[in-house]
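Trainee: Contents are compact mmCIF, C-alpha atoms; file name structure_22.txt:
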```
# COMPACT_ATOMS: atom_id res chain seq x y z
CA MET A 189 -21.01 6.74 18.82
CA PRO A 190 -24.60 5.41 18.79
CA PRO A 191 -25.25 1.76 19.71
CA GLY A 192 -24.32 -0.41 16.78
CA GLY A 193 -22.56 2.52 15.14
CA THR A 194 -19.25 2.24 13.37
CA ALA A 195 -16.36 4.67 13.14
CA CYS A 196 -14.35 4.62 9.91
CA CYS A 197 -11.03 6.15 9.02
CA PRO A 198 -11.77 9.30 7.00
CA ARG A 199 -8.63 8.76 4.96
CA CYS A 200 -8.65 5.12 3.87
CA GLY A 201 -12.19 4.14 4.82
CA HIS A 202 -11.18 1.19 6.97
CA LYS A 203 -13.39 0.37 9.94
CA LEU A 204 -11.83 1.69 13.14
CA ALA A 205 -14.26 0.66 15.84
CA THR A 206 -17.81 -0.48 16.38
CA PHE A 207 -19.81 0.30 19.48
CA ARG A 208 -21.46 -2.92 20.57
CA PRO A 209 -23.68 -2.71 23.65
CA GLY A 210 -23.73 -5.93 25.68
CA SER A 211 -20.67 -7.15 23.83
CA LEU A 212 -19.01 -8.84 26.80
CA GLU A 213 -22.05 -10.90 27.82
CA ARG A 214 -22.77 -12.05 24.27
CA THR A 215 -19.14 -12.91 23.67
CA THR A 216 -19.03 -14.96 26.90
CA ALA A 217 -21.94 -17.09 25.69
CA LEU A 218 -20.33 -17.58 22.28
CA ALA A 219 -16.94 -18.42 23.81
CA VAL A 220 -18.46 -21.13 26.03
CA ALA A 221 -20.25 -22.60 23.01
CA ALA A 222 -17.04 -22.44 20.98
CA ALA A 223 -15.18 -24.29 23.76
CA ILE A 224 -17.72 -27.12 23.61
CA ALA A 225 -17.57 -27.27 19.80
CA PHE A 226 -13.77 -27.28 20.03
CA LEU A 227 -13.79 -30.35 22.29
CA PHE A 228 -16.02 -32.28 19.88
CA THR A 229 -13.98 -31.16 16.87
CA ASN A 230 -10.82 -32.55 18.40
CA MET A 231 -12.07 -35.68 20.09
CA GLU A 232 -14.39 -37.10 17.46
CA PRO A 233 -13.07 -38.61 14.21
CA LEU A 234 -13.28 -36.31 11.21
CA MET A 235 -13.83 -39.07 8.69
CA THR A 236 -13.72 -42.82 8.38
CA LEU A 237 -12.41 -44.67 5.38
CA SER A 238 -13.40 -48.20 4.51
CA VAL A 239 -11.86 -50.26 1.77
CA ALA A 240 -11.62 -54.01 1.28
CA GLY A 241 -13.06 -54.69 4.73
CA ARG A 242 -10.56 -52.44 6.49
CA GLU A 243 -11.39 -49.24 8.27
CA ALA A 244 -9.30 -46.21 9.12
CA SER A 245 -10.35 -42.99 10.79
CA THR A 246 -8.55 -39.86 11.83
CA THR A 247 -8.80 -36.88 14.13
CA ILE A 248 -6.96 -33.58 13.69
CA ALA A 249 -4.30 -34.55 16.21
CA GLY A 250 -4.08 -37.97 14.51
CA GLY A 251 -3.32 -36.27 11.20
CA ALA A 252 -0.57 -34.17 12.75
CA TRP A 253 0.84 -37.25 14.53
CA LYS A 254 0.91 -39.20 11.27
CA MET A 255 2.84 -36.36 9.60
CA TRP A 256 5.33 -36.44 12.50
CA MET A 257 5.80 -40.20 12.16
CA GLU A 258 6.33 -39.87 8.42
CA GLY A 259 9.26 -37.53 9.01
CA GLU A 260 7.62 -34.16 8.23
CA LYS A 261 8.00 -32.95 11.79
CA ILE A 262 7.85 -29.21 11.10
CA THR A 263 4.68 -29.57 9.05
CA ALA A 264 3.19 -31.70 11.82
CA LEU A 265 3.93 -28.97 14.36
CA LEU A 266 2.42 -26.32 12.08
CA ILE A 267 -0.77 -28.34 11.63
CA ALA A 268 -1.04 -28.84 15.38
CA LEU A 269 -0.36 -25.13 15.96
CA PHE A 270 -2.86 -23.77 13.42
CA ALA A 271 -5.67 -26.28 13.89
CA VAL A 272 -5.46 -27.23 17.59
CA ILE A 273 -3.22 -25.06 19.75
CA ALA A 274 -4.04 -21.59 18.33
CA PRO A 275 -7.84 -22.09 18.44
CA ALA A 276 -7.55 -23.58 21.95
CA LEU A 277 -5.55 -20.57 23.15
CA GLN A 278 -7.90 -18.17 21.38
CA ILE A 279 -10.93 -19.62 23.19
CA GLY A 280 -9.09 -20.08 26.49
CA PHE A 281 -7.68 -16.53 26.58
CA MET A 282 -11.06 -15.11 25.59
CA LEU A 283 -12.83 -16.94 28.44
CA ALA A 284 -10.17 -15.85 30.93
CA ILE A 285 -10.46 -12.21 29.79
CA LEU A 286 -14.25 -12.17 29.82
CA LEU A 287 -14.51 -13.74 33.27
CA SER A 288 -11.91 -11.44 34.83
CA VAL A 289 -13.26 -8.16 33.41
CA ARG A 290 -16.71 -8.80 34.88
CA ARG A 291 -15.67 -6.91 38.02
CA PRO A 292 -13.40 -4.03 37.01
CA PRO A 293 -10.67 -3.17 37.51
CA ALA A 294 -9.17 -6.38 36.19
CA PRO A 295 -5.52 -7.11 37.03
CA HIS A 296 -2.87 -6.07 34.54
CA TRP A 297 -2.18 -9.61 33.26
CA VAL A 298 -5.58 -9.48 31.58
CA GLY A 299 -4.04 -6.83 29.32
CA THR A 300 -1.33 -9.29 28.35
CA LEU A 301 -4.02 -11.85 27.49
CA LEU A 302 -5.82 -9.22 25.41
CA ARG A 303 -2.70 -8.83 23.33
CA TRP A 304 -2.22 -12.59 23.01
CA VAL A 305 -5.80 -13.36 22.08
CA GLY A 306 -5.37 -11.40 18.85
CA ILE A 307 -2.14 -13.18 18.01
CA ALA A 308 -3.67 -16.59 18.70
CA GLY A 309 -6.67 -15.64 16.59
CA SER A 310 -4.56 -14.61 13.63
CA TRP A 311 -2.88 -18.04 13.56
CA SER A 312 -6.01 -20.07 14.20
CA MET A 313 -7.06 -21.54 10.87
CA VAL A 314 -10.03 -23.78 11.56
CA GLU A 315 -11.86 -22.49 8.49
CA VAL A 316 -8.86 -23.16 6.25
CA MET A 317 -8.59 -26.65 7.75
CA MET A 318 -12.28 -27.22 6.97
CA LEU A 319 -11.70 -26.49 3.29
CA GLY A 320 -8.69 -28.82 3.41
CA ILE A 321 -10.83 -31.58 4.91
CA LEU A 322 -13.48 -31.16 2.21
CA VAL A 323 -10.92 -31.30 -0.58
CA SER A 324 -9.25 -34.37 0.90
CA LEU A 325 -12.68 -36.02 1.30
CA VAL A 326 -13.27 -35.58 -2.43
CA LYS A 327 -9.77 -36.78 -3.26
CA ILE A 328 -10.10 -39.89 -1.12
CA ALA A 329 -13.64 -40.57 -2.30
CA ALA A 330 -12.16 -41.22 -5.75
CA LEU A 331 -10.17 -44.10 -4.25
CA ALA A 332 -12.30 -45.56 -1.48
CA LYS A 333 -15.53 -45.21 0.45
CA VAL A 334 -15.27 -42.42 2.97
CA VAL A 335 -17.79 -41.40 5.62
CA PRO A 336 -17.71 -37.96 7.26
CA GLY A 337 -17.56 -38.15 11.04
CA VAL A 338 -18.96 -36.09 13.92
CA GLY A 339 -15.74 -34.07 13.99
CA ILE A 340 -16.47 -32.45 10.63
CA PHE A 341 -19.86 -31.17 11.73
CA ALA A 342 -18.44 -29.95 15.03
CA ALA A 343 -15.70 -28.15 13.09
CA GLY A 344 -18.38 -26.47 10.95
CA GLY A 345 -20.07 -25.23 14.12
CA LEU A 346 -16.75 -24.16 15.59
CA ILE A 347 -15.99 -21.97 12.55
CA VAL A 348 -19.29 -20.11 12.90
CA LEU A 349 -18.90 -19.73 16.67
CA LEU A 350 -15.31 -18.50 16.44
CA ALA A 351 -16.26 -15.93 13.81
CA ALA A 352 -19.23 -14.76 15.90
CA MET A 353 -17.09 -14.67 19.03
CA SER A 354 -14.40 -12.47 17.46
CA SER A 355 -16.84 -10.12 15.79
CA SER A 356 -19.03 -9.60 18.85
CA PHE A 357 -16.04 -8.93 21.10
CA ASP A 358 -15.33 -5.26 21.76
CA PRO A 359 -11.68 -5.04 22.82
CA ARG A 360 -11.98 -1.34 23.74
CA GLU A 361 -14.62 -2.16 26.32
CA ALA A 362 -12.39 -4.88 27.78
CA TRP A 363 -9.29 -2.66 27.74
CA SER A 364 -11.14 0.09 29.60
CA ARG A 365 -11.65 -2.31 32.53
CA VAL A 366 -8.03 -3.34 32.89
CA ARG A 367 -5.51 -1.82 35.30
CA TRP A 368 -2.68 0.07 33.64
CA VAL A 369 0.99 -0.82 33.81
CA HIS A 370 1.70 0.99 37.07
CA GLY A 371 -1.48 -0.12 38.75
CA GLU A 372 -3.56 3.01 38.14
CA TRP A 373 -7.00 2.75 36.62
CA PRO A 374 -8.32 6.02 35.16
CA GLN A 375 -12.07 5.61 35.28
CA ARG A 376 -12.64 8.60 33.03
CA VAL A 377 -11.57 6.38 30.17
CA LEU A 378 -14.50 4.12 30.94
CA SER A 379 -17.08 6.87 31.48
CA GLY A 380 -15.96 9.58 29.09
CA GLY A 381 -15.29 7.37 26.12
CA THR A 382 -12.15 9.32 25.26
CA ASP A 383 -9.16 7.10 24.92
CA ALA A 384 -6.57 9.86 25.02
CA ALA A 385 -4.08 10.10 27.83
CA GLU A 386 -0.77 11.72 28.46
CA ALA A 387 2.17 9.42 28.86
CA GLY A 388 4.06 11.18 31.61
CA ARG A 389 7.62 9.92 31.78
CA MET B 197 -8.47 18.07 -0.87
CA THR B 198 -5.59 20.45 -0.77
CA ALA B 199 -5.41 21.05 2.96
CA VAL B 200 -2.56 19.47 4.83
CA ALA B 201 -4.13 16.89 7.07
CA ARG B 202 -3.30 16.90 10.76
CA THR B 203 -1.81 13.52 11.38
CA GLY B 204 -1.24 11.95 14.75
CA MET B 205 2.49 11.71 14.13
CA ARG B 206 2.73 15.41 13.26
CA GLU B 207 0.87 16.34 16.45
CA GLY B 208 3.07 14.06 18.53
CA PHE B 209 0.39 11.45 19.21
CA VAL B 210 1.04 7.75 18.91
CA SER B 211 -1.51 4.98 18.97
CA CYS B 212 -0.49 1.78 20.73
CA GLU B 213 -0.54 -1.16 18.31
CA ALA B 214 -1.35 -3.60 21.11
CA CYS B 215 -4.21 -1.91 22.98
CA GLY B 216 -5.15 1.07 20.80
CA LEU B 217 -4.59 3.71 23.50
CA LEU B 218 -3.72 7.10 22.04
CA SER B 219 -0.99 8.84 24.00
CA ARG B 220 1.47 11.71 23.60
CA PRO B 221 5.00 10.64 24.54
CA VAL B 222 7.23 13.21 26.21
CA SER B 223 9.94 12.85 23.58
CA PRO B 224 8.93 11.77 20.07
CA GLU B 225 12.41 10.29 19.49
CA GLU B 226 12.00 7.77 22.27
CA PRO B 227 8.30 7.13 22.69
CA GLY B 228 8.88 4.57 25.46
CA GLU B 229 6.09 2.29 26.62
CA CYS B 230 2.33 2.47 26.43
CA PRO B 231 1.05 3.65 29.81
CA ARG B 232 -1.88 1.25 29.68
CA CYS B 233 -0.56 -2.06 28.39
CA GLY B 234 3.21 -1.60 28.59
CA ALA B 235 3.92 -2.45 24.95
CA GLU B 236 6.69 -0.53 23.24
CA LEU B 237 5.32 2.49 21.41
CA GLU B 238 6.28 3.12 17.78
CA PHE B 239 5.12 5.82 15.39
CA ARG B 240 5.78 3.38 12.54
CA ARG B 241 6.59 -0.31 12.71
CA ARG B 242 10.35 -0.56 13.03
CA ASP B 243 12.37 -1.26 9.87
CA ALA B 244 9.12 -2.19 8.17
CA ILE B 245 10.46 -1.87 4.64
CA GLN B 246 13.68 -3.83 5.22
CA ARG B 247 11.96 -6.60 7.16
CA THR B 248 9.18 -6.97 4.61
CA TRP B 249 11.67 -7.08 1.74
CA ALA B 250 13.73 -9.75 3.50
CA LEU B 251 10.66 -11.92 4.08
CA VAL B 252 9.37 -11.41 0.54
CA ILE B 253 12.73 -12.47 -0.90
CA ALA B 254 12.92 -15.51 1.39
CA ALA B 255 9.39 -16.54 0.39
CA THR B 256 10.21 -16.11 -3.30
CA ILE B 257 13.21 -18.42 -2.89
CA CYS B 258 11.03 -21.06 -1.22
CA TYR B 259 8.33 -20.68 -3.88
CA LEU B 260 10.34 -22.59 -6.49
CA PRO B 261 11.00 -25.82 -4.54
CA ALA B 262 7.46 -25.58 -3.16
CA ASN B 263 6.07 -25.98 -6.65
CA ILE B 264 8.72 -28.24 -8.20
CA LEU B 265 9.22 -30.77 -5.41
CA PRO B 266 6.46 -33.31 -4.77
CA VAL B 267 4.27 -32.75 -1.71
CA MET B 268 3.26 -36.39 -1.37
CA ARG B 269 4.00 -39.79 -2.82
CA THR B 270 1.38 -42.46 -3.44
CA THR B 271 2.55 -46.07 -3.26
CA SER B 272 0.13 -48.65 -4.62
CA LEU B 273 0.30 -52.11 -6.17
CA THR B 274 0.86 -50.51 -9.57
CA GLY B 275 3.87 -48.51 -8.48
CA GLU B 276 4.90 -45.17 -6.99
CA GLU B 277 3.61 -41.80 -8.01
CA PRO B 278 4.81 -38.39 -6.78
CA ASP B 279 2.35 -35.50 -6.56
CA THR B 280 3.23 -31.83 -6.78
CA ILE B 281 0.89 -28.97 -5.89
CA LEU B 282 0.03 -28.44 -9.55
CA SER B 283 -0.44 -32.11 -10.41
CA GLY B 284 -2.82 -32.34 -7.43
CA VAL B 285 -4.91 -29.59 -9.02
CA VAL B 286 -4.85 -31.37 -12.38
CA ILE B 287 -5.93 -34.70 -10.86
CA LEU B 288 -8.78 -32.99 -9.05
CA TYR B 289 -9.85 -31.37 -12.32
CA GLU B 290 -9.73 -34.65 -14.23
CA THR B 291 -11.78 -36.53 -11.66
CA GLY B 292 -14.63 -34.16 -12.33
CA THR B 293 -14.62 -31.65 -9.49
CA TRP B 294 -13.48 -28.58 -11.40
CA TYR B 295 -14.71 -26.15 -8.75
CA LEU B 296 -12.51 -27.72 -6.07
CA ALA B 297 -9.64 -27.71 -8.56
CA LEU B 298 -10.28 -24.02 -9.14
CA ILE B 299 -10.32 -23.29 -5.37
CA LEU B 300 -7.02 -25.14 -4.94
CA LEU B 301 -5.49 -23.41 -7.95
CA ILE B 302 -6.43 -20.02 -6.53
CA ALA B 303 -5.44 -20.83 -2.94
CA SER B 304 -2.16 -22.63 -3.59
CA VAL B 305 -0.78 -21.16 -6.79
CA MET B 306 -2.32 -17.77 -7.43
CA ILE B 307 -2.65 -16.34 -3.90
CA PRO B 308 1.04 -16.83 -2.98
CA LEU B 309 2.14 -15.33 -6.31
CA ALA B 310 -0.30 -12.45 -6.04
CA LYS B 311 0.83 -11.83 -2.47
CA LEU B 312 4.51 -11.69 -3.40
CA ALA B 313 3.83 -9.42 -6.37
CA SER B 314 1.53 -7.12 -4.37
CA LEU B 315 3.94 -6.80 -1.45
CA ALA B 316 6.78 -5.98 -3.84
CA TYR B 317 4.54 -3.39 -5.53
CA LEU B 318 3.61 -1.80 -2.19
CA LEU B 319 7.25 -1.73 -1.10
CA VAL B 320 8.49 -0.20 -4.35
CA THR B 321 5.78 2.48 -4.42
CA VAL B 322 6.43 3.38 -0.77
CA GLN B 323 10.17 3.58 -1.37
CA ARG B 324 9.66 5.80 -4.40
CA GLY B 325 7.40 8.07 -2.36
CA SER B 326 4.39 7.57 -4.57
CA VAL B 327 1.28 9.56 -3.65
CA ARG B 328 -1.03 7.97 -6.19
CA ASN B 329 -3.80 5.43 -5.55
CA ASN B 330 -3.31 5.59 -1.79
CA ARG B 331 -6.79 4.30 -1.03
CA GLU B 332 -6.45 1.44 -3.50
CA ARG B 333 -3.04 0.48 -2.18
CA THR B 334 -4.35 0.50 1.38
CA ARG B 335 -7.24 -1.68 0.32
CA LEU B 336 -4.85 -4.05 -1.45
CA TYR B 337 -2.94 -4.37 1.81
CA ARG B 338 -6.11 -5.20 3.78
CA VAL B 339 -7.00 -7.89 1.22
CA LEU B 340 -3.50 -9.38 1.49
CA GLU B 341 -3.87 -9.63 5.25
CA ILE B 342 -7.12 -11.58 4.90
CA ILE B 343 -6.42 -14.01 2.04
CA GLY B 344 -2.91 -15.11 3.03
CA ARG B 345 -3.97 -17.86 5.43
CA TRP B 346 -6.07 -19.65 2.78
CA SER B 347 -2.95 -20.90 1.04
CA MET B 348 -2.45 -23.32 3.94
CA VAL B 349 -5.30 -25.38 2.53
CA ASP B 350 -2.99 -27.65 0.53
CA VAL B 351 -0.95 -28.51 3.60
CA PHE B 352 -4.14 -29.59 5.38
CA VAL B 353 -5.19 -31.63 2.34
CA ALA B 354 -1.83 -33.41 2.31
CA THR B 355 -2.07 -34.08 6.06
CA PHE B 356 -5.49 -35.68 5.95
CA VAL B 357 -4.79 -37.71 2.83
CA VAL B 358 -1.59 -39.01 4.43
CA ALA B 359 -3.38 -39.74 7.70
CA LEU B 360 -6.18 -41.74 6.09
CA ILE B 361 -4.62 -43.56 3.15
CA GLN B 362 -2.46 -46.01 5.08
CA LEU B 363 -3.57 -49.36 3.66
CA LYS B 364 -0.28 -51.11 3.15
CA PRO B 365 0.35 -52.99 0.91
CA LEU B 366 -2.69 -51.90 -1.14
CA MET B 367 -2.10 -48.19 -1.11
CA SER B 368 -0.34 -45.70 1.10
CA VAL B 369 0.54 -42.03 0.88
CA ALA B 370 3.62 -40.41 2.40
CA PRO B 371 4.50 -36.70 2.64
CA GLU B 372 7.44 -35.30 0.68
CA PRO B 373 9.69 -32.26 1.33
CA GLY B 374 7.68 -30.02 -1.02
CA VAL B 375 5.08 -29.63 1.70
CA LEU B 376 7.66 -28.06 4.02
CA PHE B 377 8.73 -25.45 1.44
CA PHE B 378 5.11 -24.76 0.65
CA SER B 379 4.23 -24.06 4.29
CA ALA B 380 7.35 -21.90 4.48
CA VAL B 381 6.06 -19.74 1.60
CA VAL B 382 2.68 -19.31 3.28
CA ILE B 383 4.08 -18.46 6.69
CA LEU B 384 6.76 -16.13 5.37
CA THR B 385 4.21 -14.17 3.33
CA ILE B 386 1.85 -13.93 6.32
CA ILE B 387 4.66 -12.53 8.48
CA ALA B 388 5.80 -10.27 5.63
CA ALA B 389 2.32 -8.73 5.38
CA GLU B 390 2.32 -8.24 9.14
CA SER B 391 5.68 -6.50 9.21
CA PHE B 392 4.68 -4.00 6.52
CA ASP B 393 3.18 -0.77 7.86
CA PRO B 394 0.24 0.52 5.76
CA ARG B 395 0.68 4.00 7.28
CA LEU B 396 3.84 4.30 5.20
CA ILE B 397 1.62 4.47 2.10
CA TRP B 398 0.22 7.77 3.38
CA ASP B 399 3.40 9.27 4.74
CA SER B 400 4.62 10.47 1.33
CA SER B 401 1.45 12.54 0.96
CA GLN B 402 2.52 14.83 3.81
CA GLY B 403 2.52 18.39 2.55
CA LYS B 404 1.69 17.27 -0.98
CA GLN B 405 -1.61 17.28 -2.67
CA GLU B 406 -3.29 13.89 -2.66
CA THR B 407 -3.89 13.19 -6.30
CA ASP B 408 -6.80 10.84 -5.96
CA ASP B 409 -9.93 11.53 -3.95
```
Just give me the structure of the file as structure tokens.
Mentor:
Amino acid sequence: MPPGGTACCPRCGHKLATFRPGSLERTTALAVAAAIAFLFTNMEPLMTLSVAGREASTTIAGGAWKMWMEGEKITALLIALFAVIAPALQIGFMLAILLSVRRPPAPHWVGTLLRWVGIAGSWSMVEVMMLGILVSLVKIAALAKVVPGVGIFAAGGLIVLLAAMSSSFDPREAWSRVRWVHGEWPQRVLSGGTDAAEAGR
Amino acid sequence: MTAVARTGMREGFVSCEACGLLSRPVSPEEPGECPRCGAELEFRRRDAIQRTWALVIAATICYLPANILPVMRTTSLTGEEPDTILSGVVILYETGTWYLALILLIASVMIPLAKLASLAYLLVTVQRGSVRNNRERTRLYRVLEIIGRWSMVDVFVATFVVALIQLKPLMSVAPEPGVLFFSAVVILTIIAAESFDPRLIWDSSQGKQETDD
């Protein structure tokens, strides 16, 4: 595969793999940036409401906490999972993977993280939350004055960084640097580019 | 194309769903574990059709209370007012932001329905061994995987409205059980799409002529 080239399934046309030179370095930079954006998204208020001289503001965790207090505990947990925990794990696992594959072979637990990072990513819904925030801003604006906070802008940045991080990451490159189940590490996988092996059992 | 394609399964190869390593297990009946990552190897996701059907049916059952029960209740000086998913869309439309109303209508009402109908269609065609429109059905599956999460938008809207509008006794908003059923629909359909195996769409074409393409 040439640099930047893409392999597609000849049958259904779906993209199989893209060869991305320098993927791991670029992804490391994006993951660090995403971690910073994540902190701001979660620590700064998303929006502040003022009506009749009273002010109220909320963060993501504050929204989930309010749901919990109002008796919708499962929904509160889901919100926390999709908007806080899953993105945090996605960024955390990614950083751990990228740092440990810098000097191959990486220990086998990195392989476990590689499996988990995809699962965390599929449940991380920052972009869906963003749309939810915008809709609720409009809804609330009909009732009271509402000011967007730093958290919203950080969340906007986080969405872009998370998307860039996942698309620049080349999992095949990372997998080729990880020790196998029984501790072996066939370097021909790394050099030859062929991912085929015989499972001898 | 009339030639019988060489598929990995026919040649005894299996690709690991966790790490992507292609390997050839000693016995195809018991593929065992992936030599690289240790995940269990499967030629096809196990019981994909039964599991997907079960989740689709469960989500369909939850779909009714999700749309009938209110998702939040607004208490103000003028009285109490329950809000369902649909009435939220209507209010948004009436207050002048039709494009947001349209987004919510698509995300909360149409996507879950379309997902349930499409999954049922994929399941029925796979079970009947259909060999038509394979590419289109595969593409439909990919779209389902991507759009499913967007239905969660209404749950986020409810959360932030509830979190901010707490100005007792002037006006306050509390969540109602509808929101729980609604999240159940979204999550069940996401898991249903994940438990389906798109390779099943192509399995019926083995040895037959693929009619499209």
Trainee: Name the closest residue to Leu265 of chain A among the candidates A:Ala362, A:Val348, A:Cys200, A:Ala249; distances are taken between atoms, counting all atoms listed in the file.
Mentor: A:Ala249
Trainee: Work out where the centre of an axis-aligned box around every listed atom of segment 318-334 of chain B lies and how long its edges are once 5 Å is added on each side; give both in Å to one decimal as lines of an AutoDock Vina configuration file.
Mentor:
```
center_x = 1.7
center_y = 3.9
center_z = -2.4
size_x = 27.0
size_y = 21.4
size_z = 17.6
```
Trainee: Could you tell me how far atom CA of Phe207 of chain A sits from atom CA of Pro191 of chain A, in Å to one decimal place?
Mentor: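 Interatomic distance, atom CA of Pro191 of chain A to atom CA of Phe207 of chain A: 5.6 Å.
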Trainee: Under the rule that only C-alpha atoms are counted, which of A:Arg290, A:Arg360, A:Arg214, A:Arg208 is the nearest residue to chain B?
Mentor: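 Using only C-alpha atoms, chain B sits closest to A:Arg360.
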Trainee: Find the residues in chain B near chain A: any atom within 6 Å counts, using all atoms listed in the file. Write them as number ranges by chain.
Mentor: B: 214, 217-221, 231-234, 331, 346, 349, 352-353, 355-357, 359
Trainee: Take atom CA of Thr271 of chain B and atom CA of Leu360 of chain B and report the distance between them in Å, one decimal.
Mentor: 13.5 Å
Trainee: Please indicate the distance in Å from atom CA of Ala225 of chain A to atom CA of Leu296 of chain B, rounded to one decimal place.
Mentor: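 Distance reported for this atom pair: 26.4 Å.
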Trainee: Between B:Leu282, B:Leu265, B:Ala297, B:Arg395, which residue has the minimum interatomic distance to Leu376 of chain B, considering only C-alpha atoms?
Mentor: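 Ranked by minimum distance to Leu376 of chain B, first place goes to B:Leu265.
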Trainee: Could segment 284-299 of chain B be completed with N, CA and C atoms and returned as a PDB file, in the coordinates of the input?
Mentor:
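Below is the file out.pdb, written as the result:
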```pdb
ATOM      1  N   GLY B 284      -1.642 -32.090  -8.273  1.00  0.00           N
ATOM      2  CA  GLY B 284      -2.820 -32.340  -7.430  1.00  0.00           C
ATOM      3  C   GLY B 284      -4.036 -31.606  -7.973  1.00  0.00           C
ATOM      4  N   VAL B 285      -3.809 -30.369  -8.434  1.00  0.00           N
ATOM      5  CA  VAL B 285      -4.910 -29.590  -9.020  1.00  0.00           C
ATOM      6  C   VAL B 285      -5.406 -30.273 -10.288  1.00  0.00           C
ATOM      7  N   VAL B 286      -4.468 -30.737 -11.115  1.00  0.00           N
ATOM      8  CA  VAL B 286      -4.850 -31.370 -12.380  1.00  0.00           C
ATOM      9  C   VAL B 286      -5.658 -32.635 -12.121  1.00  0.00           C
ATOM     10  N   ILE B 287      -5.206 -33.455 -11.169  1.00  0.00           N
ATOM     11  CA  ILE B 287      -5.930 -34.700 -10.860  1.00  0.00           C
ATOM     12  C   ILE B 287      -7.338 -34.387 -10.411  1.00  0.00           C
ATOM     13  N   LEU B 288      -7.469 -33.369  -9.560  1.00  0.00           N
ATOM     14  CA  LEU B 288      -8.780 -32.990  -9.050  1.00  0.00           C
ATOM     15  C   LEU B 288      -9.676 -32.534 -10.206  1.00  0.00           C
ATOM     16  N   TYR B 289      -9.078 -31.846 -11.172  1.00  0.00           N
ATOM     17  CA  TYR B 289      -9.850 -31.370 -12.320  1.00  0.00           C
ATOM     18  C   TYR B 289     -10.301 -32.549 -13.176  1.00  0.00           C
ATOM     19  N   GLU B 290      -9.402 -33.514 -13.356  1.00  0.00           N
ATOM     20  CA  GLU B 290      -9.730 -34.650 -14.230  1.00  0.00           C
ATOM     21  C   GLU B 290     -10.773 -35.557 -13.615  1.00  0.00           C
ATOM     22  N   THR B 291     -10.801 -35.660 -12.277  1.00  0.00           N
ATOM     23  CA  THR B 291     -11.780 -36.530 -11.660  1.00  0.00           C
ATOM     24  C   THR B 291     -13.147 -35.865 -11.574  1.00  0.00           C
ATOM     25  N   GLY B 292     -13.296 -34.698 -12.153  1.00  0.00           N
ATOM     26  CA  GLY B 292     -14.630 -34.160 -12.330  1.00  0.00           C
ATOM     27  C   GLY B 292     -15.037 -33.045 -11.389  1.00  0.00           C
ATOM     28  N   THR B 293     -14.215 -32.725 -10.398  1.00  0.00           N
ATOM     29  CA  THR B 293     -14.620 -31.650  -9.490  1.00  0.00           C
ATOM     30  C   THR B 293     -13.832 -30.394  -9.839  1.00  0.00           C
ATOM     31  N   TRP B 294     -14.238 -29.743 -10.923  1.00  0.00           N
ATOM     32  CA  TRP B 294     -13.480 -28.580 -11.400  1.00  0.00           C
ATOM     33  C   TRP B 294     -13.524 -27.428 -10.428  1.00  0.00           C
ATOM     34  N   TYR B 295     -14.630 -27.304  -9.658  1.00  0.00           N
ATOM     35  CA  TYR B 295     -14.710 -26.150  -8.750  1.00  0.00           C
ATOM     36  C   TYR B 295     -13.730 -26.287  -7.604  1.00  0.00           C
ATOM     37  N   LEU B 296     -13.528 -27.533  -7.119  1.00  0.00           N
ATOM     38  CA  LEU B 296     -12.510 -27.720  -6.070  1.00  0.00           C
ATOM     39  C   LEU B 296     -11.118 -27.493  -6.642  1.00  0.00           C
ATOM     40  N   ALA B 297     -10.925 -27.942  -7.906  1.00  0.00           N
ATOM     41  CA  ALA B 297      -9.640 -27.710  -8.560  1.00  0.00           C
ATOM     42  C   ALA B 297      -9.367 -26.225  -8.675  1.00  0.00           C
ATOM     43  N   LEU B 298     -10.420 -25.476  -8.996  1.00  0.00           N
ATOM     44  CA  LEU B 298     -10.280 -24.020  -9.140  1.00  0.00           C
ATOM     45  C   LEU B 298      -9.913 -23.386  -7.785  1.00  0.00           C
ATOM     46  N   ILE B 299     -10.608 -23.834  -6.712  1.00  0.00           N
ATOM     47  CA  ILE B 299     -10.320 -23.290  -5.370  1.00  0.00           C
ATOM     48  C   ILE B 299      -8.865 -23.555  -5.016  1.00  0.00           C
TER      49      ILE B 299
END
```
